[in-house]
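K.L.:
Mind looking over this structure? Questions follow.
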Amino acid sequence: MKKAIVFYDHKCGLCKKEILFYKKKDTQQLIDWLDIHTHKDQLIKYDLSFDQAMKSFHFISPNLIIYTGVNAFIQIYKTLPGLKVLARIISFPGIYHLSLLGYKLFAFLRYRFHGYHKCHI
C-alpha cells in the first residue's frame with residue numbers, strides 16, 4: 001500500500017511539536033513524515049523546491065495529489081484516526097476561509113521574520 005507523504009520543517013519548534021502529535025496518532029503508519037532538511041532529494045521527486053517547502057506545509061496523497069497549507073492539514077485530519085471531525089469542521093465555509101487567511105498570515109510571518117534557523121516555539 002502506498003503511503004501519503006508530509007513534508008515539514010523539523011528545525012521549527014512549533015512544526016516539530018505538531019508533527020510529533022500527528023506521529024503519535026499515526027499508529028498504522030499511514031503517512032511518511034519527511035523533514036525537508038534531510039529529504040531534499042524527495043522534494044525534487046514531487047517538483048518542489050526547498051523554498052516552496054519552507055513557505056508552506058505539503059501533503060502528498062497516495063495518488064500523488066499535492067495539497068498545501070490548510071488543505072494539507074485537512075488531508076492529515078482525514079487520514080489519521082480521531083481527527084476526521086476536525087477535518088469536517090475546518091472544511092465548513094467561513095471556518096475554511098478564516099483558516100486559509102490565518103495560515104497564510106502565519107506562513108508568511110514564519111518565513112519572512114523567523115526562517116528555519118530562528119523558529120524557537
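Labeling convention for the C-alpha cells: chains A, B, ... as they appear, residues from 1 per chain, ligands from 1 in order of appearance.
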Could you write out, as a ChimeraX atom specification, all the residues of chain A that DSSP marks as alpha helix (DSSP H)?

P.N.:
/A:13-25,40-45,50-55,69-79,84-91,95-109,115-118

K.L.:
Could you please take those selected residues and save C-alpha atoms as a PDB file, in the first residue's frame?

P.N.:
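Wrote part_5.pdb, looks like this:
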```pdb
ATOM      1  CA  GLY A  13       9.916  24.175  17.108  1.00  0.00           C
ATOM      2  CA  LEU A  14       6.184  24.589  16.506  1.00  0.00           C
ATOM      3  CA  CYS A  15       6.263  22.422  13.372  1.00  0.00           C
ATOM      4  CA  LYS A  16       8.255  19.742  15.172  1.00  0.00           C
ATOM      5  CA  LYS A  17       5.833  19.622  18.122  1.00  0.00           C
ATOM      6  CA  GLU A  18       2.817  19.430  15.854  1.00  0.00           C
ATOM      7  CA  ILE A  19       4.306  16.611  13.764  1.00  0.00           C
ATOM      8  CA  LEU A  20       5.181  14.669  16.935  1.00  0.00           C
ATOM      9  CA  PHE A  21       1.495  14.900  17.912  1.00  0.00           C
ATOM     10  CA  TYR A  22       0.449  13.590  14.488  1.00  0.00           C
ATOM     11  CA  LYS A  23       3.021  10.793  14.575  1.00  0.00           C
ATOM     12  CA  LYS A  24       1.543   9.561  17.863  1.00  0.00           C
ATOM     13  CA  LYS A  25      -1.875   9.461  16.189  1.00  0.00           C
ATOM     14  CA  LYS A  40      15.688  17.429  -0.184  1.00  0.00           C
ATOM     15  CA  ASP A  41      16.042  14.653  -2.774  1.00  0.00           C
ATOM     16  CA  GLN A  42      12.429  13.652  -2.123  1.00  0.00           C
ATOM     17  CA  LEU A  43      11.218  17.212  -2.706  1.00  0.00           C
ATOM     18  CA  ILE A  44      12.673  17.083  -6.219  1.00  0.00           C
ATOM     19  CA  LYS A  45      10.657  13.927  -6.966  1.00  0.00           C
ATOM     20  CA  PHE A  50      13.250  23.750  -0.813  1.00  0.00           C
ATOM     21  CA  ASP A  51      11.973  27.338  -0.813  1.00  0.00           C
ATOM     22  CA  GLN A  52       8.424  26.178  -1.645  1.00  0.00           C
ATOM     23  CA  ALA A  53       8.614  23.650   1.176  1.00  0.00           C
ATOM     24  CA  MET A  54       9.785  26.367   3.581  1.00  0.00           C
ATOM     25  CA  LYS A  55       6.918  28.662   2.593  1.00  0.00           C
ATOM     26  CA  GLY A  69      -1.305  24.814   3.736  1.00  0.00           C
ATOM     27  CA  VAL A  70      -4.746  24.372   5.282  1.00  0.00           C
ATOM     28  CA  ASN A  71      -5.691  21.823   2.623  1.00  0.00           C
ATOM     29  CA  ALA A  72      -2.682  19.739   3.661  1.00  0.00           C
ATOM     30  CA  PHE A  73      -3.808  19.825   7.288  1.00  0.00           C
ATOM     31  CA  ILE A  74      -7.327  18.787   6.273  1.00  0.00           C
ATOM     32  CA  GLN A  75      -5.860  15.768   4.468  1.00  0.00           C
ATOM     33  CA  ILE A  76      -3.882  14.807   7.573  1.00  0.00           C
ATOM     34  CA  TYR A  77      -7.024  15.097   9.687  1.00  0.00           C
ATOM     35  CA  LYS A  78      -8.948  12.922   7.205  1.00  0.00           C
ATOM     36  CA  THR A  79      -6.188  10.318   7.269  1.00  0.00           C
ATOM     37  CA  LYS A  84     -11.840  13.256  10.946  1.00  0.00           C
ATOM     38  CA  VAL A  85     -14.335  15.507  12.744  1.00  0.00           C
ATOM     39  CA  LEU A  86     -11.756  18.284  12.787  1.00  0.00           C
ATOM     40  CA  ALA A  87     -11.357  17.918   9.006  1.00  0.00           C
ATOM     41  CA  ARG A  88     -15.116  18.380   8.583  1.00  0.00           C
ATOM     42  CA  ILE A  89     -15.230  21.402  10.883  1.00  0.00           C
ATOM     43  CA  ILE A  90     -12.351  23.188   9.145  1.00  0.00           C
ATOM     44  CA  SER A  91     -13.947  22.422   5.765  1.00  0.00           C
ATOM     45  CA  ILE A  95     -14.246  28.453   9.003  1.00  0.00           C
ATOM     46  CA  TYR A  96     -12.326  27.219   5.973  1.00  0.00           C
ATOM     47  CA  HIS A  97     -11.812  30.736   4.637  1.00  0.00           C
ATOM     48  CA  LEU A  98     -10.707  32.067   8.026  1.00  0.00           C
ATOM     49  CA  SER A  99      -8.317  29.119   8.332  1.00  0.00           C
ATOM     50  CA  LEU A 100      -6.857  29.932   4.905  1.00  0.00           C
ATOM     51  CA  LEU A 101      -6.263  33.538   5.900  1.00  0.00           C
ATOM     52  CA  GLY A 102      -4.820  32.579   9.277  1.00  0.00           C
ATOM     53  CA  TYR A 103      -2.456  30.025   7.777  1.00  0.00           C
ATOM     54  CA  LYS A 104      -1.313  32.375   5.010  1.00  0.00           C
ATOM     55  CA  LEU A 105      -0.503  35.025   7.606  1.00  0.00           C
ATOM     56  CA  PHE A 106       1.301  32.537   9.866  1.00  0.00           C
ATOM     57  CA  ALA A 107       3.285  31.046   6.959  1.00  0.00           C
ATOM     58  CA  PHE A 108       4.262  34.479   5.664  1.00  0.00           C
ATOM     59  CA  LEU A 109       5.409  35.700   9.073  1.00  0.00           C
ATOM     60  CA  GLY A 115      13.046  31.363   8.953  1.00  0.00           C
ATOM     61  CA  TYR A 116      14.024  27.835   9.864  1.00  0.00           C
ATOM     62  CA  HIS A 117      17.041  28.867  11.926  1.00  0.00           C
ATOM     63  CA  LYS A 118      15.105  31.247  14.190  1.00  0.00           C
TER      64      LYS A 118
END
```

K.L.:
Please identify the strand (DSSP E or B) residues within stretch 17-76 of chain A (assignment by DSSP from backbone atoms) and present them as a PyMOL selection string.

P.N.:
chain A and resi 31-35+58-60+66-68

K.L.:
Enter the distance from atom CA of A:Ser56 to atom CA of A:Tyr111, in Å, rounded to one decimal.

P.N.:
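Going from atom CA of A:Ser56 over to atom CA of A:Tyr111 covers 8.9 Å.
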